[in-house]
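Here is the structure we will look at.
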Amino acid sequence: MFTRTKKRSLTVGAVLLASTVAFTLAGCSGSSSSGGSTGGSGGDVKIGLITKTDSNPYFVKLREAAQAQATKDGATLIALAGAFDGDNEGQVAAIENLVSQGVKGILITPNSSSGILTAIKSARDNGVVVIALDTATDPEDAVDATFATDNTAAGVTQGKWVKATLGTTAPALVMLDGTPGGTVDTFRHDGFLTGFGIAEGSSEIVGQENTNGDQTKAQTAMENLLQRAPGVNALYTINEPAAAGAYEAIKAAGKTAQVTIGSIDGSCTGVANVKSGIIGATVMQFPAKMAESGVDAVVKFAADGTKPSGFNDTGSQLITDKPVTGLDSKDTTWGAENCWG
C-alpha cells in the first residue's frame with residue numbers, strides 16, 4: 001500500500017466541458033468524465049479523484065460512485081490513479097496536474113500516508129480543499145477532512161470474531177499484514193490485536209509477514225510460515241486477496257479445518273469466499289459512501305466556501321455465516337446484497 005516509488009508514463013484522459021483533452025503523466029493514470037450542469041455549462045465545478053490504483057475493484061467502485069455523485073451534483077470529475085499500489089510519486093504528479101487544471105477539491109486515497117504531505121500542502125495553499133478517502137494521512141489534519149472506515153474498529157471486530165471462534169483453544173496466531181508505514185495497515189493490525197486480546201510481541205503470535213495486500217505474495221508468505229509454524233490455528237489478514245492467497249497455501253498443506261481466517265474488505269468476491277468457507281468472516285467497508293460524501297463536500301465548498309473537517313466514519317459491518325455471541329453480524333445473503341466490486 002504505501003512507500004515504494006517508481007516512474008511510469010501512462011496516459012490520462014480528461015473530459016472538460018464538451019472537449020476531450022489528453023494528458024500524459026509520469027507515474028499516474030486514470031480517466032475522467034463530466035457530469036451534468038445545474039446552472040450554466042456542464043462541469044463548472046471540477047473535482048479531482050486520485051486513487052491508489054485504477055484496477056483494484058475497491059477503487060473501481062469508489063471511482064464509479066464518485067462519478068455518479070458528480071453527475072448528480074452537476075460537477076466534472078477528473079479521475080487519476082497511481083500506476084501501482086505504493087506509487088507515491090505518481091500521486092504527487094497527479095495532485096500537481098489537478099491543481100493546474102483548476103479543481104475546487106481533490107479526493108485522494110494516499111499511497112503514502114506521510115510521503116504525500118508536501119504536495120497536499122501545496123494544493124491547499126492554492127485554495128484547493130483536500131479530502132482523504134479510505135486512508136488517513138499522517139498526521140490526520142494534513143487534509144481538510146477524511147471520509148473512511150474506522151480501520152481500528154474494523155480490526156477490533158475481526159480480532160474479536162477470530163478469538164471467539166477459537167473458543168478455549170490456545171491461540172497460535174499468524175498475521176499477514178499489508179505494507180509497513182501506512183495508516184490502514186497500522187490501524188487494522190493494532191485493532192485486531194486489541195480485539196483478540198493480546199499485545200504486540202505476544203508469544204501467541206507465531207508468525208508475521210508483509211504481503212502488500214497481494215494474493216500471490218500472501219500465498220507465498222503463508223507457505224513459508226506454515227513451514228515455521230505448522231501449528232497455526234488463527235489468521236489475521238489485511239484484506240480479502242491476502243486471505244484468499246493464504247487459504248490456497250493452507251489448503252495445499254491440508255490444514256483448512258485447523259485455521260480460522262478473518263479479513264476486512266466486503267467485496268463481492270470476499271463475501272462469496274465467506275459463503276464457501278474460504279474465509280470465516282470479513283468486515284465490510286462502504287467505499288461508495290466515502291466517494292459520495294467527498295464529492296458532496298467539495299460541491300458544497302464550491303457553492304458557499306464551507307469546508308469539511310475531521311474524521312468521518314463511513315461505517316463497517318461484520319459478515320459471517322458463523323455468528324458469535326456479543327458481536328453484531330450479518331450473513332452472506334445480506335453481504336451479497338450490499339457488497340462492492
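By order of appearance in the C-alpha cells: chains A, B, ..., then residues from 1 within every chain, and ligands from 1 in the order shown.
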
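Near Gly326 in chain A, within 10 Å and counting only C-alpha atoms, sit Lys160, Trp161 and Ala164 of chain A, not including residues fewer than 4 positions from it in the same chain.
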
Worksheet entry | Backbone-only DSSP, helix (DSSP H, G or I) members of range 201-324 of chain A, as a PyMOL selection string | chain A and resi 215-228+240-252+268-276+287-304

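Proximity ranking of A:Ile261, A:Ala172, A:Ala252, A:Asp85 relative to Ala229 in chain A places A:Ala172 first, based on only C-alpha atoms.
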
Please tabulate, as a Markdown table, the residues of range 166-258 of chain A that come within 9 Å of range 128-143 of chain A, each with its closest pair of atoms and the distance in Å to one decimal, counting only C-alpha atoms and ordering rows by chain, then residue number upward.
| residue | atom | partner | partner_atom | distance |
| --- | --- | --- | --- | --- |
| A:Gly182 | CA | A:Thr135 | CA | 8.2 |
| A:Thr183 | CA | A:Ala136 | CA | 6.2 |
| A:Val184 | CA | A:Thr135 | CA | 5.9 |

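Going from CA of Ala94 in chain A over to CA of Thr51 in chain A, you cover 10.0 Å.
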
Worksheet item: Residues at most 8 Å from range 165-169 of chain A, counting only C-alpha atoms, excluding those fewer than 4 positions away in the same chain, as a PyMOL selection string?
Response: chain A and resi 161+234+260+324

For Leu235 in chain A: contacts at 7 Å, only C-alpha atoms, fewer than 6 positions along chain excluded, given as a compact mmCIF listing (two decimals) with N, CA and C atoms, in the first residue's frame:
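The result, written out as selection.txt:
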# COMPACT_ATOMS: atom_id res chain seq x y z
N LEU A 173 -1.27 -17.66 16.47
CA LEU A 173 -1.72 -16.67 15.50
C LEU A 173 -0.63 -16.31 14.50
N VAL A 174 -1.03 -16.26 13.23
CA VAL A 174 -0.19 -15.71 12.17
C VAL A 174 -0.86 -14.43 11.66
N MET A 175 -0.04 -13.41 11.36
CA MET A 175 -0.55 -12.13 10.89
C MET A 175 0.03 -11.83 9.50
N VAL A 259 -7.30 -23.92 10.68
CA VAL A 259 -7.02 -22.49 10.74
C VAL A 259 -8.30 -21.66 10.57
N THR A 260 -8.56 -20.77 11.50
CA THR A 260 -9.67 -19.82 11.42
C THR A 260 -9.16 -18.52 10.79
N ILE A 261 -9.81 -18.10 9.68
CA ILE A 261 -9.34 -16.94 8.92
C ILE A 261 -10.32 -15.79 9.04
N GLY A 262 -9.81 -14.63 9.40
CA GLY A 262 -10.60 -13.40 9.41
C GLY A 262 -10.03 -12.40 8.43

Practice prompt. As a ChimeraX atom specification, please: all residues of range 112-338 of chain A that backbone DSSP puts in strand (DSSP E).
Written response: /A:129-133,145-148,173-177,205-210,234-237,260-265,281-284,310-313,317-320,329-330

Fill in: Selection: 10 Å around Glu337 in chain A, only C-alpha atoms, excl. self and same-chain fewer than 3 positions, as JSON, numbers by chain
{"A": [268, 271, 332, 333, 334, 340]}

Pull the closest atom pair for each residue of range 47-126 of chain A that gets at most 12 Å from range 277-298 of chain A, along with the distance in Å to one decimal, counting only C-alpha atoms, ordering rows by chain and then ascending residue number, as JSON lines.
{"residue": "A:Ile47", "atom": "CA", "partner": "A:Val298", "partner_atom": "CA", "distance": 7.2}
{"residue": "A:Gly48", "atom": "CA", "partner": "A:Val295", "partner_atom": "CA", "distance": 9.3}
{"residue": "A:Leu49", "atom": "CA", "partner": "A:Ala291", "partner_atom": "CA", "distance": 9.0}
{"residue": "A:Ile50", "atom": "CA", "partner": "A:Ala291", "partner_atom": "CA", "distance": 11.1}
{"residue": "A:Thr51", "atom": "CA", "partner": "A:Ala291", "partner_atom": "CA", "distance": 10.8}
{"residue": "A:Pro57", "atom": "CA", "partner": "A:Pro287", "partner_atom": "CA", "distance": 10.4}
{"residue": "A:Tyr58", "atom": "CA", "partner": "A:Pro287", "partner_atom": "CA", "distance": 7.1}
{"residue": "A:Phe59", "atom": "CA", "partner": "A:Pro287", "partner_atom": "CA", "distance": 7.9}
{"residue": "A:Val60", "atom": "CA", "partner": "A:Pro287", "partner_atom": "CA", "distance": 9.6}
{"residue": "A:Lys61", "atom": "CA", "partner": "A:Ala288", "partner_atom": "CA", "distance": 6.6}
{"residue": "A:Leu62", "atom": "CA", "partner": "A:Pro287", "partner_atom": "CA", "distance": 5.3}
{"residue": "A:Arg63", "atom": "CA", "partner": "A:Ala291", "partner_atom": "CA", "distance": 7.3}
{"residue": "A:Glu64", "atom": "CA", "partner": "A:Ala288", "partner_atom": "CA", "distance": 8.0}
{"residue": "A:Ala65", "atom": "CA", "partner": "A:Ala288", "partner_atom": "CA", "distance": 5.1}
{"residue": "A:Ala66", "atom": "CA", "partner": "A:Ala291", "partner_atom": "CA", "distance": 4.9}
{"residue": "A:Gln67", "atom": "CA", "partner": "A:Ala291", "partner_atom": "CA", "distance": 8.7}
{"residue": "A:Ala68", "atom": "CA", "partner": "A:Glu292", "partner_atom": "CA", "distance": 8.2}
{"residue": "A:Gln69", "atom": "CA", "partner": "A:Glu292", "partner_atom": "CA", "distance": 5.7}
{"residue": "A:Ala70", "atom": "CA", "partner": "A:Val295", "partner_atom": "CA", "distance": 6.4}
{"residue": "A:Thr71", "atom": "CA", "partner": "A:Val295", "partner_atom": "CA", "distance": 10.0}
{"residue": "A:Lys72", "atom": "CA", "partner": "A:Asp296", "partner_atom": "CA", "distance": 9.8}
{"residue": "A:Asp73", "atom": "CA", "partner": "A:Asp296", "partner_atom": "CA", "distance": 7.5}
{"residue": "A:Gly74", "atom": "CA", "partner": "A:Asp296", "partner_atom": "CA", "distance": 10.6}
{"residue": "A:Ala75", "atom": "CA", "partner": "A:Val295", "partner_atom": "CA", "distance": 8.8}
{"residue": "A:Thr76", "atom": "CA", "partner": "A:Val295", "partner_atom": "CA", "distance": 10.1}
{"residue": "A:Leu77", "atom": "CA", "partner": "A:Val295", "partner_atom": "CA", "distance": 8.9}
{"residue": "A:Ile78", "atom": "CA", "partner": "A:Val295", "partner_atom": "CA", "distance": 11.6}
{"residue": "A:Ala79", "atom": "CA", "partner": "A:Ala291", "partner_atom": "CA", "distance": 11.8}
{"residue": "A:Val103", "atom": "CA", "partner": "A:Val298", "partner_atom": "CA", "distance": 9.7}
{"residue": "A:Lys104", "atom": "CA", "partner": "A:Val298", "partner_atom": "CA", "distance": 6.8}
{"residue": "A:Gly105", "atom": "CA", "partner": "A:Val298", "partner_atom": "CA", "distance": 5.5}
{"residue": "A:Ile106", "atom": "CA", "partner": "A:Val298", "partner_atom": "CA", "distance": 8.0}
{"residue": "A:Leu107", "atom": "CA", "partner": "A:Gly294", "partner_atom": "CA", "distance": 6.6}
{"residue": "A:Ile108", "atom": "CA", "partner": "A:Gly294", "partner_atom": "CA", "distance": 9.6}
{"residue": "A:Thr109", "atom": "CA", "partner": "A:Ala291", "partner_atom": "CA", "distance": 10.4}

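Between CA of Cys339 in chain A and CA of Ser276 in chain A the separation is 15.6 Å.
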